[in-house]
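Colleague: Can you keep this structure in mind? I'll have questions shortly.
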Amino acid sequence: MASKMIRPLESLSPRRANEFGGKVRGLALLSRAGFPVPKAMAISVRAAEEHFARVLDEDSRPEVLLVSGEYDAESLGRLRAQVENAPLEPAFERELEQAVAELLERGGRLAVRSSATLEDTDDYSAAGLHETILGLSTADEVGKAIRTIWGSLFEPRVLTYLRAQRRDDLPRMGIILQKLVEPRAAGVFFTVNPLTGDAGEVVIDASYGLGTVVVGGRVGPDTLRIDKATRLPRDRVIGDKRVEAILEAGVLVERPVDADRAARLCLEEPEVERIVEMALQLEEKFKEPLDVEFAVHAGGIELLQMRPCRVTVQPGTRRWAKRVGVRVPDRRDYVWSNVNVGEALPGVATPLTWSVLSSFSELGFRQAFGAIGCAVPKDAELVGDFRGRIYLNLTEFMNILSQVPGMRPSAVLALAGEEIDPALFERGLVKRSSRAFFSRLPFAIRRFVRENYRLEHRLEEYEAEFSLERRRIAALDLRVLSPAALDQTLCDVEALLDRTGSMALNVYGNLLATLVVLYGLLKLTARDEADSLLRDLLVGLQDVESAEPGYVLAGIAERARREPEVERFLLESSPHALSLDAFPDGETRRDLLEFLDRFGHRGPREAELSEKRWAEDPSFVLAALRASMIAAREGQRPRDPRAARAAIRKQAEAHLARTVPLPLRPAVRQLVAMAQRFMTLRERLRSDITRVLGMIRAVALEVSRRIETWEPEAGPDAAFFLTIDEIHAGLRASLTGISLRIQQRRAALARDEALPDPPDTFVGLPPPVMEPSFEGDEIRGVGASAGVAEGRVLKLDKPEHAALAQPGDVLVAVSADVGFSPLFLVASAVVVDRGGPLSHASIVLREFGVPAVVNAKSATARLETGQRVRVDGATGIVTILRDA
């Protein structure tokens, strides 16, 4: 059908489609490339412009309002009513009747969608700003819908979004009339992971019925992450599909989905395979990340719209593995674990945290492996995301370390404190040749010696630079900075993280290399005592940064006893009512303020950027101070085990000297000294990294404030649901028009948090959730700090549970980072589901002399507050005392 205003979609070239808007252009590209799209007609932007010219004054048209900014909600409401109530131009109305008749020739209904020129483009998303109207069956209904969509240009949030873009483009509104697909299931797929930028996977979100419940965030959809190289799933999450959207007599309604159907994936395996195939074809055709809506019905799969996916692709992520001459392991055989990394970042990570830490971790592991002379394939998948939780690919770790002669999986697992059956790795292990390792070894040794020869000088330079830059950034008032200046500040903070991370990774790599060699020698000489000997050699060290908050707070508690008013406040106030604002004036209050100035960047779950730090919420610190005061009242002196721990270390060093052959003693002594030195430096640099993460948090809070000013529905934590690249893009263009994306991600995070944690370790994919079964009264983990203690269990499910702490409690948690350390000195023991003997918390617990068991797996599932247990930190056994 020929028309100046309305054209069949298939007749439009992509270049000509530009005058019909972004959505039409995307569909025209799909149609021309041979992808299945519903039959459709496109309405030119000129139809809207001619309608505006007939019914509005020149000063009231969108392009004029954008420049002048002279409008308010009331005046815009009147203009929108004028646009929607005015009749269509008769000639256009006749063309529309003909177009509708052609589309409905075989029955069915229509979808009328906006297709603005500033929508679904590289520069403009405008997701959720304009209208989509479904279920229409007459020309009159379609005409009314068209005027409604034209009128949406006069919505205050639309003009606010367009003005905030600070560009000269004019808003023009095209429209797509599309044959409505009534699907069994629908959703959206991404050719690149939109949160992580991983170009090695396709991400599919889908639910039953029409896709409105998915794109609108009304349900937690099924989420599938499919590896492009193997076409195998990296993860599959069955969503909370409690409702589905359907049409009943042309009216959009939501109806409940029965429990059995909701518990199944809404897509069949062949449908997933076809979607992945189309995603790869689209990627090959258009050479950019894409976001595509689809519908599955009896006739197959149709694509409803396509837009650019604004995401920064991770360096090194590729579509297909290209390890020439090397067998690539089947990812179904990969062994994944979060036993150690789960301590640093337990639970579900927000998009901002994941975007910062995943690339940081990936770089860190590559540098650490490189420090010991191991080559790491560019496409090696070292870090993975399952249900929002971070996991390490132990199979890739083992394959990389197999280049080191004599390195066996059992040795690596023992060093990390992982109790995993080495047989799990048999299918996925690909032994690498040691030839290249030996060829690189002289260079690795030379680099190791050179870097460590100048390490003290480099550390002095780094610390001076870090201190200056930290003070400069801290002095900025982020609220008054322009978007460009705030963007530059974020760049400066990232540069500081890179600088700190580079120094930390240098130390981490040296520590790994030293421990690998030292542990190998201990296994040869001390044999069965190697694990406990290595542990004891690394206690009683001087200046362990992570232990300092506990020691300083213990000193404050001791001095606070001199102030009766403070003692009454801490002991007689409700634990949940303790606050710094209500704290009595005096020396203790000044000490606390100084403590927070020095250590306020720490906090529980401190690697998660959305979590408050001690300086923002000192309730955890006050709870520990209160527990110390209770202990003092009961005649218990604060624990200060430094001398005792140093004696244990000296005994271990003497024992080592007796077991090591005389020719090896100088080398072993040097290795021990290096390991101790690197361990201390690691803790100091971890504190610096945490401080920089706090700076990123401060910028994110300011960005959230600005987003909420424009779009209140985005919430006060909006920026934590964006990636760091999206924050940069928003500060450079606009922070508006993103609330829908934020709400969708907030819903996805809530869904992931509601899901049970996958197992600490699994092969291939996390298995289906099963009710755990427990037998006996023993919980076995890994001993992290020797000693035996009995006490009452206090489960720390949330940081606020710290207010219930009593001296002598056995603290039980999923994980415990340094942010928990103020409570360590008043606890009788600590038991955590995750973590290894070389984790940061384990180091602090050994310094404090607190018996501790890590990697206890089922501890939080089996233990409840109030139970009594015995903890043996040497054997790693926790015994439930039933008769206590």
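Residues in the structure tokens are numbered from 1 in each chain, the chains being A, B, ... in the order shown, and ligands are numbered from 1 in the order shown.
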With a distance cut-off of 8 Å and only C-alpha atoms, select the neighbouring residues of region 699-702 of chain A, excluding the residue or stretch itself and same-chain residues fewer than 6 positions from it, and output the selection as a list of chain:residue names.
Modeller: A:Leu478, A:Arg479, A:Leu486, A:Leu490, A:Pro716, A:Asp717, A:Ala719, A:Phe720
Colleague: Counting only C-alpha atoms, which residue out of A:Leu671, A:His601, A:Asp59, A:Leu290 sits closest to Gly520 (chain A)?
Modeller: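 Closest to Gly520 (chain A) of all the choices is A:Leu671.
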Colleague: Report the distance between CA of Tyr391 (chain A) and CA of Glu608 (chain A) in Å, rounded to one decimal place.
Modeller: 15.2 Å
Colleague: Within 8 Å of region 151-162 of chain A, counting only C-alpha atoms, which residues show up once you throw out same-chain ones fewer than 3 positions away? Write them as a PyMOL selection string, please.
Modeller: chain A and resi 62+66+72-73+76-77+79-81+83-84+126+129-131+147-148+165-166+171+173+710+734+736-737
Colleague: So that I can see what lies close to Ser821 (chain A), please list as a PyMOL selection string the residues with an atom at most 9 Å from it, counting only C-alpha atoms and leaving out residues fewer than 3 positions away in the same chain.
Modeller: chain A and resi 546-547+549-550+604+816-818+824-825+841+844-845
Colleague: Show me, as an MDAnalysis selection string, the residues that have an atom within 8 Å of region 86-101 of chain A when counting only C-alpha atoms, minus same-chain residues fewer than 6 positions from it.
Modeller: chainID A and resid 1 3 5:6 41 47 51 55 138:139 142:143
Colleague: Go ahead and write the residues just picked, all heavy atoms, as a JSON list (two decimals), in the first residue's frame.
Modeller:
[["chain", "number", "residue", "atom", "x", "y", "z"],
["A", 1, "MET", "N", 0.85, -1.19, 0.00],
["A", 1, "MET", "CA", 0.00, 0.00, 0.00],
["A", 1, "MET", "C", 0.88, 1.24, 0.00],
["A", 1, "MET", "O", 1.75, 1.39, 0.84],
["A", 1, "MET", "CB", -0.87, -0.05, 1.26],
["A", 1, "MET", "CG", -1.36, 1.27, 1.76],
["A", 1, "MET", "SD", -2.25, 1.08, 3.32],
["A", 1, "MET", "CE", -2.33, 2.80, 3.71],
["A", 3, "SER", "N", 1.68, 5.19, 0.52],
["A", 3, "SER", "CA", 1.17, 6.30, 1.32],
["A", 3, "SER", "C", 2.31, 7.21, 1.69],
["A", 3, "SER", "O", 3.43, 6.77, 1.88],
["A", 3, "SER", "CB", 0.50, 5.76, 2.59],
["A", 3, "SER", "OG", 0.24, 6.82, 3.48],
["A", 5, "MET", "N", 2.29, 8.89, 4.52],
["A", 5, "MET", "CA", 2.40, 8.84, 5.97],
["A", 5, "MET", "C", 2.56, 7.43, 6.51],
["A", 5, "MET", "O", 3.20, 7.22, 7.52],
["A", 5, "MET", "CB", 1.17, 9.49, 6.62],
["A", 5, "MET", "CG", 1.02, 10.96, 6.34],
["A", 5, "MET", "SD", 2.32, 11.96, 7.10],
["A", 5, "MET", "CE", 1.72, 13.60, 6.71],
["A", 6, "ILE", "N", 1.93, 6.45, 5.90],
["A", 6, "ILE", "CA", 1.90, 5.09, 6.43],
["A", 6, "ILE", "C", 2.50, 4.15, 5.40],
["A", 6, "ILE", "O", 2.06, 4.13, 4.24],
["A", 6, "ILE", "CB", 0.46, 4.66, 6.78],
["A", 6, "ILE", "CG1", -0.20, 5.67, 7.73],
["A", 6, "ILE", "CG2", 0.46, 3.27, 7.42],
["A", 6, "ILE", "CD1", -1.65, 5.38, 8.07],
["A", 41, "MET", "N", 2.78, -1.88, 10.08],
["A", 41, "MET", "CA", 2.77, -0.65, 9.31],
["A", 41, "MET", "C", 3.45, 0.44, 10.15],
["A", 41, "MET", "O", 3.30, 0.48, 11.38],
["A", 41, "MET", "CB", 1.33, -0.20, 9.01],
["A", 41, "MET", "CG", 0.55, -1.17, 8.15],
["A", 41, "MET", "SD", 1.02, -1.04, 6.40],
["A", 41, "MET", "CE", -0.15, -2.19, 5.67],
["A", 47, "ALA", "N", 3.27, 12.82, 10.46],
["A", 47, "ALA", "CA", 1.85, 12.78, 10.82],
["A", 47, "ALA", "C", 1.62, 13.51, 12.14],
["A", 47, "ALA", "O", 0.65, 14.28, 12.29],
["A", 47, "ALA", "CB", 1.38, 11.34, 10.91],
["A", 51, "HIS", "N", -0.32, 17.16, 12.82],
["A", 51, "HIS", "CA", -1.39, 17.21, 13.82],
["A", 51, "HIS", "C", -1.11, 18.32, 14.83],
["A", 51, "HIS", "O", -2.02, 19.11, 15.16],
["A", 51, "HIS", "CB", -1.49, 15.86, 14.52],
["A", 51, "HIS", "CG", -2.65, 15.74, 15.47],
["A", 51, "HIS", "ND1", -3.95, 15.58, 15.04],
["A", 51, "HIS", "CD2", -2.71, 15.77, 16.83],
["A", 51, "HIS", "CE1", -4.77, 15.50, 16.09],
["A", 51, "HIS", "NE2", -4.02, 15.61, 17.20],
["A", 55, "VAL", "N", -3.44, 21.81, 15.74],
["A", 55, "VAL", "CA", -4.19, 21.95, 17.00],
["A", 55, "VAL", "C", -3.45, 22.76, 18.06],
["A", 55, "VAL", "O", -4.06, 23.10, 19.09],
["A", 55, "VAL", "CB", -4.56, 20.56, 17.57],
["A", 55, "VAL", "CG1", -5.35, 19.77, 16.55],
["A", 55, "VAL", "CG2", -3.34, 19.80, 18.04],
["A", 138, "THR", "N", -10.21, -2.03, 15.99],
["A", 138, "THR", "CA", -10.90, -1.15, 15.04],
["A", 138, "THR", "C", -10.03, 0.06, 14.74],
["A", 138, "THR", "O", -9.14, 0.42, 15.53],
["A", 138, "THR", "CB", -12.24, -0.66, 15.61],
["A", 138, "THR", "OG1", -11.99, 0.23, 16.70],
["A", 138, "THR", "CG2", -13.12, -1.83, 16.09],
["A", 139, "ALA", "N", -10.34, 0.71, 13.62],
["A", 139, "ALA", "CA", -9.60, 1.91, 13.24],
["A", 139, "ALA", "C", -9.82, 3.03, 14.24],
["A", 139, "ALA", "O", -8.91, 3.83, 14.51],
["A", 139, "ALA", "CB", -10.00, 2.36, 11.84],
["A", 142, "VAL", "N", -7.58, 2.42, 17.15],
["A", 142, "VAL", "CA", -6.19, 2.69, 16.78],
["A", 142, "VAL", "C", -5.96, 4.20, 16.68],
["A", 142, "VAL", "O", -4.93, 4.72, 17.13],
["A", 142, "VAL", "CB", -5.84, 2.00, 15.45],
["A", 142, "VAL", "CG1", -4.47, 2.44, 14.95],
["A", 142, "VAL", "CG2", -5.88, 0.49, 15.62],
["A", 143, "GLY", "N", -6.93, 4.94, 16.12],
["A", 143, "GLY", "CA", -6.79, 6.39, 16.02],
["A", 143, "GLY", "C", -6.66, 7.03, 17.39],
["A", 143, "GLY", "O", -5.85, 7.95, 17.59]]
